[in-house]
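Have a look at model-v8.cif below; it lists mmCIF, C-alpha atoms.
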```cif
data_data
#
loop_
_atom_site.label_atom_id
_atom_site.label_comp_id
_atom_site.auth_asym_id
_atom_site.auth_seq_id
_atom_site.Cartn_x
_atom_site.Cartn_y
_atom_site.Cartn_z
CA MET A 1 0.00 0.00 0.00
CA SER A 2 3.06 2.25 -0.25
CA ASP A 3 1.61 4.57 -2.87
CA ALA A 4 -1.71 4.90 -1.15
CA ALA A 5 -0.60 7.21 1.66
CA ALA A 6 -3.04 10.09 1.98
CA PRO A 7 -1.89 13.07 -0.11
CA SER A 8 -1.59 16.35 1.71
CA HIS A 9 -4.23 18.01 -0.43
CA LEU A 10 -7.21 16.55 -2.16
CA ALA A 11 -9.09 18.66 -4.67
CA PRO A 12 -12.83 18.72 -5.21
CA GLY A 13 -13.63 16.06 -7.76
CA ALA A 14 -10.94 13.66 -6.51
CA THR A 15 -12.07 10.05 -6.19
CA VAL A 16 -11.23 8.67 -2.77
CA ARG A 17 -11.75 5.56 -0.67
CA CYS A 18 -12.41 5.67 3.06
CA ARG A 19 -9.95 3.27 4.67
CA ALA A 20 -11.00 0.66 7.20
CA GLN A 21 -10.58 1.90 10.78
CA ASP A 22 -9.55 0.07 13.92
CA PRO A 23 -12.91 -0.51 15.64
CA SER A 24 -11.37 -0.50 19.11
CA ARG A 25 -10.37 3.13 18.81
CA HIS A 26 -12.60 6.18 18.76
CA ASN A 27 -12.92 7.53 15.24
CA ARG A 28 -15.49 9.42 13.18
CA ALA A 29 -15.56 7.24 10.07
CA PRO A 30 -18.87 5.37 10.21
CA ARG A 31 -18.66 1.68 9.36
CA TYR A 32 -21.08 2.13 6.48
CA VAL A 33 -18.53 4.22 4.59
CA GLN A 34 -15.33 2.31 5.39
CA GLY A 35 -13.90 0.73 2.26
CA ARG A 36 -16.29 2.72 0.06
CA VAL A 37 -15.37 5.02 -2.80
CA GLY A 38 -16.68 8.54 -3.13
CA GLU A 39 -15.90 11.96 -4.51
CA VAL A 40 -14.43 14.97 -2.71
CA VAL A 41 -17.00 17.76 -2.82
CA GLU A 42 -15.49 20.48 -0.65
CA LEU A 43 -12.58 21.23 1.61
CA ARG A 44 -13.49 21.84 5.25
CA ARG A 45 -11.19 23.56 7.67
CA SER A 46 -8.53 21.47 9.40
CA GLN A 47 -9.56 19.85 12.68
CA PRO A 48 -7.83 17.68 15.29
CA LEU A 49 -7.95 14.00 14.37
CA PRO A 50 -10.44 12.26 16.68
CA GLY A 51 -9.06 9.72 19.09
CA GLU A 52 -5.48 10.93 18.87
CA SER A 53 -5.66 12.89 22.09
CA LEU A 54 -7.04 9.98 24.10
CA GLY A 55 -4.83 8.11 26.53
CA GLY A 56 -2.76 11.12 27.44
CA GLY A 57 -1.08 11.58 24.07
CA GLY A 58 -1.49 15.34 24.15
CA PRO A 59 -3.59 17.40 21.75
CA ALA A 60 -4.01 16.02 18.25
CA GLU A 61 -2.57 17.80 15.21
CA LEU A 62 -4.87 19.66 12.89
CA THR A 63 -5.56 17.59 9.81
CA PRO A 64 -7.46 18.60 6.65
CA VAL A 65 -11.07 17.47 6.49
CA TYR A 66 -13.08 16.98 3.33
CA ALA A 67 -16.75 16.66 2.53
CA VAL A 68 -16.92 13.42 0.56
CA ARG A 69 -20.03 12.30 -1.31
CA PHE A 70 -20.95 8.63 -1.72
CA ALA A 71 -23.64 7.30 -4.02
CA ALA A 72 -26.34 5.20 -2.37
CA ALA A 73 -25.66 2.38 -4.83
CA GLU A 74 -22.03 2.31 -3.65
CA LEU A 75 -23.02 2.19 0.01
CA TRP A 76 -26.09 -0.04 -0.04
CA GLY A 77 -26.28 -1.60 -3.50
CA ALA A 78 -29.51 0.33 -4.11
CA GLY A 79 -31.01 3.79 -3.97
CA ASP A 80 -30.67 6.96 -5.98
CA HIS A 81 -29.64 9.37 -3.24
CA SER A 82 -26.20 10.33 -1.97
CA VAL A 83 -24.66 10.66 1.47
CA THR A 84 -22.02 13.31 2.12
CA LEU A 85 -19.79 12.99 5.19
CA ASP A 86 -16.95 15.05 6.60
CA LEU A 87 -13.87 12.84 6.70
CA TRP A 88 -10.35 13.53 7.89
CA GLU A 89 -7.62 13.18 5.30
CA HIS A 90 -6.14 10.47 7.52
CA TYR A 91 -9.19 8.32 6.70
CA LEU A 92 -8.87 8.73 2.95
CA GLU A 93 -6.76 7.40 0.13
CA GLU A 94 -6.98 8.23 -3.54
CA ALA A 95 -8.83 5.63 -5.56
CA GLY A 96 -8.10 5.12 -9.24
CA ASN A 97 -11.62 5.08 -10.53
CA PRO A 98 -15.03 4.64 -8.90
CA GLY A 99 -15.51 1.05 -10.03
CA ALA A 100 -12.17 -0.18 -8.76
CA GLU A 101 -12.87 -0.64 -5.04
CA GLU A 102 -11.28 -3.54 -3.24
CA ASN A 103 -13.57 -4.89 -0.59
CA PRO A 104 -11.69 -5.19 2.72
CA MET B 1 -13.17 -4.17 29.32
CA ARG B 2 -11.55 -3.12 26.04
CA ASP B 3 -13.71 -5.73 24.28
CA ASN B 4 -16.60 -3.34 24.49
CA ALA B 5 -14.55 -0.74 22.70
CA SER B 6 -14.61 -2.85 19.53
CA VAL B 7 -18.36 -2.94 19.39
CA ARG B 8 -19.01 0.81 19.30
CA PRO B 9 -22.79 0.51 19.44
CA HIS B 10 -23.30 4.15 18.57
CA ASP B 11 -22.29 3.59 14.92
CA VAL B 12 -25.77 2.81 13.63
CA GLY B 13 -25.76 4.28 10.12
CA GLY B 14 -27.42 1.80 7.78
CA MET B 15 -28.21 -0.71 10.50
CA GLY B 16 -31.62 -2.35 10.43
CA GLY B 17 -33.99 -3.33 13.18
CA PHE B 18 -34.81 0.01 14.75
CA GLY B 19 -38.30 0.35 13.38
CA PRO B 20 -40.09 3.44 12.13
CA VAL B 21 -39.20 6.97 13.15
CA SER B 22 -41.69 8.55 15.56
CA PRO B 23 -42.01 12.14 14.46
CA ASP B 24 -44.75 12.93 16.92
CA GLU B 25 -42.87 12.42 20.15
CA PRO B 26 -43.10 15.26 22.64
CA ASP B 27 -40.96 18.08 21.43
CA GLU B 28 -39.61 19.61 24.59
CA ALA B 29 -35.87 19.95 25.14
CA PHE B 30 -35.81 17.76 28.20
CA HIS B 31 -38.37 15.19 29.24
CA ALA B 32 -37.47 15.44 32.88
CA ASP B 33 -35.69 17.83 35.16
CA TRP B 34 -32.77 15.44 35.61
CA GLU B 35 -32.07 15.49 31.85
CA ALA B 36 -31.68 19.25 31.93
CA ARG B 37 -29.32 18.91 34.88
CA VAL B 38 -27.21 16.35 33.00
CA PHE B 39 -26.99 18.76 30.09
CA ALA B 40 -25.96 21.65 32.34
CA LEU B 41 -23.42 19.51 34.20
CA ASN B 42 -21.75 18.56 30.95
CA VAL B 43 -21.50 22.21 29.90
CA ALA B 44 -19.95 23.14 33.24
CA LEU B 45 -17.39 20.32 33.08
CA ARG B 46 -16.50 21.07 29.46
CA ARG B 47 -15.98 24.72 30.33
CA ARG B 48 -13.31 23.63 32.78
CA ASP B 49 -11.74 21.20 30.29
CA THR B 50 -12.41 18.39 32.74
CA TYR B 51 -12.68 16.24 29.61
CA SER B 52 -12.66 16.88 25.88
CA SER B 53 -15.44 16.12 23.40
CA ASP B 54 -13.27 13.24 22.10
CA GLU B 55 -13.08 11.74 25.57
CA PHE B 56 -16.80 12.22 26.15
CA ARG B 57 -17.77 10.54 22.87
CA ASP B 58 -15.27 7.75 23.46
CA ALA B 59 -16.73 7.14 26.92
CA ILE B 60 -20.21 6.77 25.40
CA GLU B 61 -18.92 4.53 22.63
CA ARG B 62 -17.10 2.20 25.03
CA MET B 63 -20.31 1.46 26.86
CA PRO B 64 -21.43 -2.18 26.79
CA PRO B 65 -23.77 -2.38 23.80
CA ASP B 66 -26.73 -3.68 25.78
CA ALA B 67 -26.37 -0.79 28.21
CA TYR B 68 -26.06 1.67 25.33
CA LEU B 69 -29.20 0.49 23.58
CA ALA B 70 -31.19 0.24 26.81
CA SER B 71 -30.23 3.74 27.95
CA SER B 72 -31.90 6.94 26.92
CA TYR B 73 -29.86 9.70 25.36
CA TYR B 74 -29.17 11.59 28.60
CA GLU B 75 -28.69 8.40 30.59
CA ARG B 76 -25.77 7.70 28.27
CA TRP B 77 -24.38 11.13 28.98
CA MET B 78 -24.67 10.56 32.69
CA ARG B 79 -22.89 7.19 32.48
CA ALA B 80 -20.13 8.65 30.29
CA MET B 81 -19.64 11.58 32.63
CA THR B 82 -19.47 9.29 35.66
CA THR B 83 -16.97 6.98 33.92
CA LEU B 84 -14.70 9.87 32.99
CA LEU B 85 -14.84 11.53 36.39
CA ILE B 86 -13.87 8.25 38.06
CA GLU B 87 -11.08 7.61 35.55
CA LYS B 88 -9.75 11.12 36.10
CA GLY B 89 -9.81 10.76 39.87
CA VAL B 90 -12.41 13.49 40.43
CA LEU B 91 -14.76 10.91 41.92
CA ALA B 92 -13.65 7.99 44.04
CA GLY B 93 -16.48 5.81 42.76
CA ASP B 94 -19.93 5.93 41.16
CA PRO B 95 -22.00 8.22 43.39
CA GLY B 96 -25.14 6.53 42.15
CA ALA B 97 -23.97 3.02 42.94
CA ASP B 98 -25.11 2.76 46.51
CA GLU B 99 -28.60 1.39 45.90
CA MET C 1 -37.80 23.78 35.96
CA SER C 2 -40.00 21.56 38.04
CA THR C 3 -38.63 19.25 40.68
CA GLU C 4 -41.41 16.69 40.61
CA HIS C 5 -39.10 14.02 39.23
CA GLU C 6 -36.66 14.17 42.12
CA GLY C 7 -38.07 10.96 43.58
CA ALA C 8 -37.31 8.84 40.48
CA PRO C 9 -34.22 6.59 40.71
CA THR C 10 -32.43 8.22 37.79
CA ALA C 11 -33.06 11.68 39.15
CA ALA C 12 -31.68 10.59 42.52
CA ARG C 13 -28.60 9.14 40.87
CA LEU C 14 -28.08 12.36 38.99
CA ARG C 15 -28.46 14.43 42.12
CA ARG C 16 -25.77 12.37 43.86
CA LEU C 17 -23.48 12.85 40.87
CA GLU C 18 -24.14 16.57 40.90
CA GLU C 19 -23.43 16.82 44.60
CA ALA C 20 -20.15 14.95 44.19
CA VAL C 21 -19.07 17.26 41.38
CA ILE C 22 -20.06 20.35 43.38
CA GLU C 23 -18.18 19.02 46.39
CA ALA C 24 -15.14 18.51 44.18
CA GLY C 25 -15.34 22.24 43.47
CA LEU C 26 -16.04 21.88 39.76
CA THR C 27 -19.40 23.67 39.63
CA SER C 28 -22.21 25.09 41.76
CA ASP C 29 -26.00 24.97 41.75
CA ASP C 30 -26.04 28.61 40.69
CA GLU C 31 -23.83 27.93 37.71
CA LEU C 32 -25.92 24.97 36.62
CA ASP C 33 -29.10 27.03 36.88
CA SER C 34 -27.65 29.86 34.85
CA ILE C 35 -26.32 27.49 32.16
CA LEU C 36 -29.83 26.13 31.72
CA GLU C 37 -31.48 29.53 31.69
CA ASP C 38 -29.07 30.83 29.05
CA PHE C 39 -29.50 27.79 26.93
CA LEU C 40 -33.29 27.78 26.97
CA ALA C 41 -33.43 31.52 26.39
CA ASN C 42 -31.02 31.62 23.48
CA ALA C 43 -31.16 28.37 21.54
CA LYS C 44 -34.35 28.51 19.49
CA PRO C 45 -35.51 27.57 15.98
CA ILE C 46 -36.58 31.16 15.31
CA ASN C 47 -32.88 31.97 15.04
CA GLY C 48 -32.45 29.66 12.07
CA ALA C 49 -35.80 30.75 10.67
CA ARG C 50 -34.66 34.36 10.62
CA LEU C 51 -31.62 33.38 8.56
CA ILE C 52 -33.82 31.55 6.09
CA ALA C 53 -36.29 34.43 5.79
CA ARG C 54 -33.49 36.91 5.18
CA ALA C 55 -32.06 34.64 2.48
CA TRP C 56 -35.46 34.46 0.81
CA VAL C 57 -35.85 38.23 0.55
CA ASP C 58 -32.23 39.25 -0.02
CA ASP C 59 -30.34 37.39 -2.73
CA GLY C 60 -26.96 38.83 -1.73
CA PHE C 61 -27.50 37.54 1.81
CA ARG C 62 -28.60 34.19 0.42
CA ARG C 63 -25.34 33.89 -1.50
CA ARG C 64 -23.33 34.86 1.56
CA LEU C 65 -25.24 32.33 3.65
CA LEU C 66 -24.43 29.58 1.19
CA SER C 67 -20.77 30.48 0.77
CA ASP C 68 -19.87 31.52 4.34
CA ALA C 69 -22.67 30.69 6.73
CA ALA C 70 -20.72 31.61 9.86
CA SER C 71 -20.30 35.21 8.65
CA ALA C 72 -23.93 35.44 7.65
CA VAL C 73 -24.93 34.34 11.15
CA GLU C 74 -22.71 37.04 12.65
CA GLU C 75 -24.26 39.64 10.35
CA MET C 76 -27.59 38.95 11.98
CA ALA C 77 -26.10 38.86 15.49
CA LEU C 78 -27.40 35.34 16.07
CA PRO C 79 -25.75 32.75 18.37
CA SER C 80 -22.41 32.30 16.72
CA LEU C 81 -21.29 29.06 15.21
CA SER C 82 -17.96 28.93 13.50
CA VAL C 83 -18.53 25.74 11.56
CA LEU C 84 -21.88 26.09 9.86
CA ARG C 85 -22.70 25.01 6.33
CA ALA C 86 -26.02 26.03 4.82
CA VAL C 87 -27.31 23.73 2.08
CA GLU C 88 -30.07 24.93 -0.20
CA ASN C 89 -33.10 23.02 -1.43
CA THR C 90 -34.04 23.59 -5.06
CA ARG C 91 -36.58 22.16 -7.50
CA HIS C 92 -34.16 19.36 -8.24
CA VAL C 93 -32.30 18.82 -4.98
CA HIS C 94 -33.56 18.18 -1.45
CA ASN C 95 -31.19 18.09 1.51
CA VAL C 96 -31.58 16.14 4.76
CA VAL C 97 -29.26 16.30 7.77
CA VAL C 98 -28.32 13.62 10.29
CA CYS C 99 -25.52 12.75 12.67
CA THR C 100 -25.44 8.97 12.59
CA LEU C 101 -22.70 8.71 15.22
CA CYS C 102 -24.22 10.80 17.96
CA SER C 103 -26.81 13.45 16.89
CA CYS C 104 -24.89 16.73 16.60
CA TYR C 105 -26.63 19.62 14.97
CA PRO C 106 -26.65 23.45 15.18
CA VAL C 107 -28.38 23.79 18.54
CA GLY C 108 -28.00 27.55 18.78
CA LEU C 109 -29.94 28.03 15.57
CA LEU C 110 -32.50 25.25 15.87
CA GLY C 111 -33.01 24.89 19.59
CA PRO C 112 -32.69 21.58 21.43
CA SER C 113 -32.82 18.62 19.07
CA PRO C 114 -36.07 16.65 18.84
CA SER C 115 -36.15 13.10 20.20
CA TRP C 116 -36.64 11.64 16.76
CA TYR C 117 -33.43 13.26 15.52
CA LYS C 118 -31.49 11.55 18.32
CA SER C 119 -33.21 8.18 17.83
CA GLU C 120 -31.42 5.10 16.49
CA ALA C 121 -34.31 4.73 14.04
CA TYR C 122 -33.64 8.07 12.36
CA ARG C 123 -29.86 7.86 12.55
CA SER C 124 -29.75 4.36 11.10
CA ARG C 125 -32.34 4.73 8.37
CA VAL C 126 -32.14 8.19 6.87
CA VAL C 127 -28.74 7.49 5.27
CA ARG C 128 -30.07 4.30 3.73
CA GLU C 129 -33.70 5.03 2.80
CA PRO C 130 -34.28 8.78 3.09
CA ARG C 131 -37.39 8.80 0.92
CA ALA C 132 -39.12 6.26 3.16
CA VAL C 133 -38.11 8.17 6.30
CA LEU C 134 -39.44 11.44 4.88
CA ALA C 135 -42.69 9.68 4.04
CA GLU C 136 -42.99 8.77 7.74
CA PHE C 137 -42.97 12.51 8.36
CA GLY C 138 -45.80 12.86 5.88
CA PHE C 139 -43.45 14.39 3.37
CA GLU C 140 -43.55 12.91 -0.14
CA LEU C 141 -40.93 14.07 -2.60
CA ASP C 142 -41.28 13.78 -6.38
CA PRO C 143 -39.29 10.79 -7.62
CA GLY C 144 -37.25 13.09 -9.86
CA VAL C 145 -35.89 15.13 -6.95
CA GLU C 146 -32.34 14.20 -5.96
CA ILE C 147 -31.91 13.64 -2.21
CA ARG C 148 -28.61 14.60 -0.58
CA VAL C 149 -28.12 13.34 2.94
CA TRP C 150 -25.47 15.12 5.03
CA ASP C 151 -23.95 13.16 7.92
CA ALA C 152 -22.29 15.55 10.39
CA THR C 153 -19.26 13.40 11.23
CA ALA C 154 -16.82 16.24 11.97
CA GLU C 155 -17.20 19.75 13.44
CA GLU C 156 -19.36 21.11 10.64
CA ARG C 157 -23.02 21.65 11.48
CA TYR C 158 -25.54 21.65 8.68
CA LEU C 159 -28.56 23.87 8.13
CA VAL C 160 -31.02 23.20 5.34
CA VAL C 161 -32.37 26.26 3.51
CA PRO C 162 -35.90 25.27 2.49
CA ARG C 163 -37.53 26.58 -0.66
CA ARG C 164 -39.67 29.63 -0.23
CA PRO C 165 -43.33 28.58 -0.38
CA ALA C 166 -45.40 29.80 -3.33
CA GLY C 167 -47.77 32.71 -2.78
CA THR C 168 -45.63 34.43 -0.15
CA GLN C 169 -44.44 37.41 -2.18
CA ALA C 170 -46.42 39.84 -0.06
CA LEU C 171 -45.03 38.66 3.26
CA GLY C 172 -42.41 40.54 5.22
CA GLU C 173 -39.33 38.96 6.77
CA SER C 174 -40.79 38.19 10.17
CA GLU C 175 -43.92 36.67 8.65
CA LEU C 176 -41.73 34.53 6.45
CA ALA C 177 -39.63 33.46 9.42
CA ALA C 178 -42.82 32.28 11.12
CA LEU C 179 -43.36 29.81 8.27
CA VAL C 180 -40.02 28.06 8.74
CA THR C 181 -40.00 25.00 11.01
CA ARG C 182 -37.19 23.14 12.69
CA ALA C 183 -38.04 20.06 10.62
CA GLY C 184 -37.73 22.18 7.49
CA MET C 185 -34.23 23.24 8.52
CA ILE C 186 -33.27 19.62 9.17
CA GLY C 187 -34.86 18.48 5.90
CA THR C 188 -37.73 16.32 7.11
CA ALA C 189 -40.35 18.86 5.97
CA ALA C 190 -40.73 21.08 2.93
CA VAL C 191 -40.35 24.28 4.97
#
```

Would you encode the structure as structure tokens?
Amino acid sequence: MSDAAAPSHLAPGATVRCRAQDPSRHNRAPRYVQGRVGEVVELRRSQPLPGESLGGGGPAELTPVYAVRFAAAELWGAGDHSVTLDLWEHYLEEAGNPGAEENP
Amino acid sequence: MRDNASVRPHDVGGMGGFGPVSPDEPDEAFHADWEARVFALNVALRRRDTYSSDEFRDAIERMPPDAYLASSYYERWMRAMTTLLIEKGVLAGDPGADE
Amino acid sequence: MSTEHEGAPTAARLRRLEEAVIEAGLTSDDELDSILEDFLANAKPINGARLIARAWVDDGFRRRLLSDAASAVEEMALPSLSVLRAVENTRHVHNVVVCTLCSCYPVGLLGPSPSWYKSEAYRSRVVREPRAVLAEFGFELDPGVEIRVWDATAEERYLVVPRRPAGTQALGESELAALVTRAGMIGTAAV
């Protein structure tokens, strides 16, 4: 996965996958979107990465956050709506094209 | 108790089995006086940085899933607050546990 | 605030917790009372409604609300919120807001969140079958309308800008604000 490290800046329109998260740690990437491919819609302001400050590690660094839109068909196999979530760059990796997801 | 941390029962997006939404439930902010007091207590503790929002959410999410689902919204807050205050040494034990 | 619930077990447990926290020097009864008073006095859906009404009558304000909602809120001297995003309903797009992970939303502008918004039923289902959930609110959308669900997973809080109802050209701003409901600003009603 060496090339899949999160880039420092994602532009609107970029196709991204939400990486699987360790379920034993607090995070804000809902399970329904982990492993799914969506499109960056907007940049949000940078925010501390959730969970990093727990266990006495000190305050978390600010990390870019993006509004990422996922098609219902991608998430549920059905539906014509979309769901847009705010995801930290740490949760995201660029995906080649929308059909190329690898199921975890 | 870290096993509970893997369950994270709060993460319900897309999950089935919860039934229809009830739009007609009573619309007041707090259904009982104690709920309002829980709300106010959380504000006061957050003001003093007794715990962060991360820690508060994590404390709710670490709750045993059966306790999470059986608790009302503000009951969860109260449990999370109690857990954190004990872990941080503000309270020696659960003040509500002597029944 | 009434005290008639003080006898219930949960209320008693809460009171013991409160007393322990007060004894630890972290708050006082007076502070808790004033927190509640401030909250109930200031956090109301009319705040959000006033933003919507202004956007309906003033196109420049509408554009500012959509591009920089926090500044627009400050313009109207409403409870400030640095991470607000207003999303506009149109003929072709309808927006609905949820926080699947916990139930965050812009409390200062909408008032305390309704029970249904916090429920597992809403949080679990609106991301998966929004049309069916809206129908449970008595709100049927044309099949051709695109639904965008916004899940508030980070600090951003979302406010839906409903479409101005037809036949309201003669109404002034405060009359328009009176038409806007909390459900409309969450997206589970037309306005």

Could you list, as a PyMOL selection string, every residue of chain B that has an atom within 8 Å of an atom of chain C, counting all atoms listed in the file? chain B and resi 10-16+18-23+25-29+32-34+36-38+40-41+43-45+48+73+78+82+90-91+94-97

Please report as a PyMOL selection string which residues of chain A come no farther than 12 Å from chain C, using all atoms listed in the file. chain A and resi 26-33+41-50+63-89

Near chain A, meaning an atom within 10 Å, which residues of chain B appear when counting all atoms listed in the file? Write them as a PDB file with C-alpha atoms, keeping the file's coordinate frame.
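What follows is the written file iface-v8.pdb:
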```pdb
ATOM      1  CA  ARG B   2     -11.550  -3.120  26.040  1.00  0.00           C
ATOM      2  CA  ASP B   3     -13.710  -5.730  24.280  1.00  0.00           C
ATOM      3  CA  ASN B   4     -16.600  -3.340  24.490  1.00  0.00           C
ATOM      4  CA  ALA B   5     -14.550  -0.740  22.700  1.00  0.00           C
ATOM      5  CA  SER B   6     -14.610  -2.850  19.530  1.00  0.00           C
ATOM      6  CA  VAL B   7     -18.360  -2.940  19.390  1.00  0.00           C
ATOM      7  CA  ARG B   8     -19.010   0.810  19.300  1.00  0.00           C
ATOM      8  CA  HIS B  10     -23.300   4.150  18.570  1.00  0.00           C
ATOM      9  CA  ASP B  11     -22.290   3.590  14.920  1.00  0.00           C
ATOM     10  CA  VAL B  12     -25.770   2.810  13.630  1.00  0.00           C
ATOM     11  CA  GLY B  13     -25.760   4.280  10.120  1.00  0.00           C
ATOM     12  CA  GLY B  14     -27.420   1.800   7.780  1.00  0.00           C
ATOM     13  CA  MET B  15     -28.210  -0.710  10.500  1.00  0.00           C
ATOM     14  CA  SER B  52     -12.660  16.880  25.880  1.00  0.00           C
ATOM     15  CA  SER B  53     -15.440  16.120  23.400  1.00  0.00           C
ATOM     16  CA  ASP B  54     -13.270  13.240  22.100  1.00  0.00           C
ATOM     17  CA  GLU B  55     -13.080  11.740  25.570  1.00  0.00           C
ATOM     18  CA  ARG B  57     -17.770  10.540  22.870  1.00  0.00           C
ATOM     19  CA  ASP B  58     -15.270   7.750  23.460  1.00  0.00           C
ATOM     20  CA  ALA B  59     -16.730   7.140  26.920  1.00  0.00           C
ATOM     21  CA  GLU B  61     -18.920   4.530  22.630  1.00  0.00           C
ATOM     22  CA  ARG B  62     -17.100   2.200  25.030  1.00  0.00           C
TER      23      ARG B  62
END
```

Residue contacts of Val160 (chain C) (8 Å, all atoms listed in the file) excluding same-chain residues fewer than 5 positions away, as a list in words: Ala86, Val87, Glu88, Asn89, Asn95, Val96, Val97, Gly184, Met185, Ile186 and Gly187 of chain C

Quote the spacing between CA of Pro45 (chain C) and CA of Leu109 (chain C) in Å to one decimal place. 5.6 Å

Using CA of His31 (chain B) and CA of Pro9 (chain B) as the two end points, give the distance in Å to one decimal.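 Between CA of His31 (chain B) and CA of Pro9 (chain B) the gap works out to 23.5 Å.
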
Straight-line distance linking CA of Ala43 (chain C) with CA of Tyr68 (chain B), stated in Å to one decimal: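 Separation between CA of Ala43 (chain C) and CA of Tyr68 (chain B): 27.4 Å.
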
I'd like the neighbourhood of Leu171 (chain C) as number ranges by chain, where a residue qualifies if any of its atoms comes within 12 Å (using only C-alpha atoms), though same-chain residues fewer than 5 positions away should be ignored. C: 53-54, 56-57, 164-166, 176-179

Could you take the residues named above and write them with C-alpha atoms, as a JSON list (two decimals), in the frame of the given file?
```
[["chain", "number", "residue", "atom", "x", "y", "z"],
["C", 53, "ALA", "CA", -36.29, 34.43, 5.79],
["C", 54, "ARG", "CA", -33.49, 36.91, 5.18],
["C", 56, "TRP", "CA", -35.46, 34.46, 0.81],
["C", 57, "VAL", "CA", -35.85, 38.23, 0.55],
["C", 164, "ARG", "CA", -39.67, 29.63, -0.23],
["C", 165, "PRO", "CA", -43.33, 28.58, -0.38],
["C", 166, "ALA", "CA", -45.40, 29.80, -3.33],
["C", 176, "LEU", "CA", -41.73, 34.53, 6.45],
["C", 177, "ALA", "CA", -39.63, 33.46, 9.42],
["C", 178, "ALA", "CA", -42.82, 32.28, 11.12],
["C", 179, "LEU", "CA", -43.36, 29.81, 8.27]]
```

Give me the result of the PyMOL selection byres ((chain C and resi 70) around 12) on this file, residue by residue, as a list in words.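 That expression, the PyMOL selection byres ((chain C and resi 70) around 12), corresponds here to Leu51, Arg64, Leu65, Leu66, Ser67, Asp68, Ala69, Ser71, Ala72, Val73, Glu74, Glu75, Met76, Ala77, Leu78, Pro79, Ser80, Leu81, Ser82, Val83, Leu84, Arg85, Ala86, Pro106, Leu109, Glu156, Arg157, Tyr158 and Leu159 of chain C.
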
Centre and edges of the region 62-80 of chain A box, axis-aligned, 6 Å extra per side, as lines of an AutoDock Vina configuration file:
```
center_x = -17.9
center_y = 9.0
center_z = 3.5
size_x = 38.1
size_y = 33.3
size_z = 30.9
```

Any chance you could build region 73-84 of chain C out to N, CA and C atoms and write it as a PDB file, in the frame of the given file?
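Here's the written file part-v2.pdb:
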```
ATOM      1  N   VAL C  73     -24.337  34.434   9.814  1.00  0.00           N
ATOM      2  CA  VAL C  73     -24.930  34.340  11.150  1.00  0.00           C
ATOM      3  C   VAL C  73     -24.496  35.537  12.002  1.00  0.00           C
ATOM      4  N   GLU C  74     -23.224  35.884  11.905  1.00  0.00           N
ATOM      5  CA  GLU C  74     -22.710  37.040  12.650  1.00  0.00           C
ATOM      6  C   GLU C  74     -23.363  38.333  12.204  1.00  0.00           C
ATOM      7  N   GLU C  75     -23.590  38.446  10.894  1.00  0.00           N
ATOM      8  CA  GLU C  75     -24.260  39.640  10.350  1.00  0.00           C
ATOM      9  C   GLU C  75     -25.575  39.902  11.047  1.00  0.00           C
ATOM     10  N   MET C  76     -26.289  38.797  11.356  1.00  0.00           N
ATOM     11  CA  MET C  76     -27.590  38.950  11.980  1.00  0.00           C
ATOM     12  C   MET C  76     -27.512  38.859  13.508  1.00  0.00           C
ATOM     13  N   ALA C  77     -26.316  38.879  14.035  1.00  0.00           N
ATOM     14  CA  ALA C  77     -26.100  38.860  15.490  1.00  0.00           C
ATOM     15  C   ALA C  77     -26.822  37.689  16.161  1.00  0.00           C
ATOM     16  N   LEU C  78     -26.781  36.546  15.507  1.00  0.00           N
ATOM     17  CA  LEU C  78     -27.400  35.340  16.070  1.00  0.00           C
ATOM     18  C   LEU C  78     -26.332  34.538  16.811  1.00  0.00           C
ATOM     19  N   PRO C  79     -26.748  33.546  17.648  1.00  0.00           N
ATOM     20  CA  PRO C  79     -25.750  32.750  18.370  1.00  0.00           C
ATOM     21  C   PRO C  79     -24.682  32.232  17.410  1.00  0.00           C
ATOM     22  N   SER C  80     -23.453  32.532  17.712  1.00  0.00           N
ATOM     23  CA  SER C  80     -22.410  32.300  16.720  1.00  0.00           C
ATOM     24  C   SER C  80     -22.028  30.838  16.648  1.00  0.00           C
ATOM     25  N   LEU C  81     -21.593  30.457  15.500  1.00  0.00           N
ATOM     26  CA  LEU C  81     -21.290  29.060  15.210  1.00  0.00           C
ATOM     27  C   LEU C  81     -20.248  29.080  14.125  1.00  0.00           C
ATOM     28  N   SER C  82     -19.039  28.698  14.469  1.00  0.00           N
ATOM     29  CA  SER C  82     -17.960  28.930  13.500  1.00  0.00           C
ATOM     30  C   SER C  82     -17.917  27.892  12.392  1.00  0.00           C
ATOM     31  N   VAL C  83     -18.637  26.815  12.536  1.00  0.00           N
ATOM     32  CA  VAL C  83     -18.530  25.740  11.560  1.00  0.00           C
ATOM     33  C   VAL C  83     -19.898  25.363  11.020  1.00  0.00           C
ATOM     34  N   LEU C  84     -20.551  26.312  10.405  1.00  0.00           N
ATOM     35  CA  LEU C  84     -21.880  26.090   9.860  1.00  0.00           C
ATOM     36  C   LEU C  84     -21.821  26.025   8.348  1.00  0.00           C
TER      37      LEU C  84
END
```
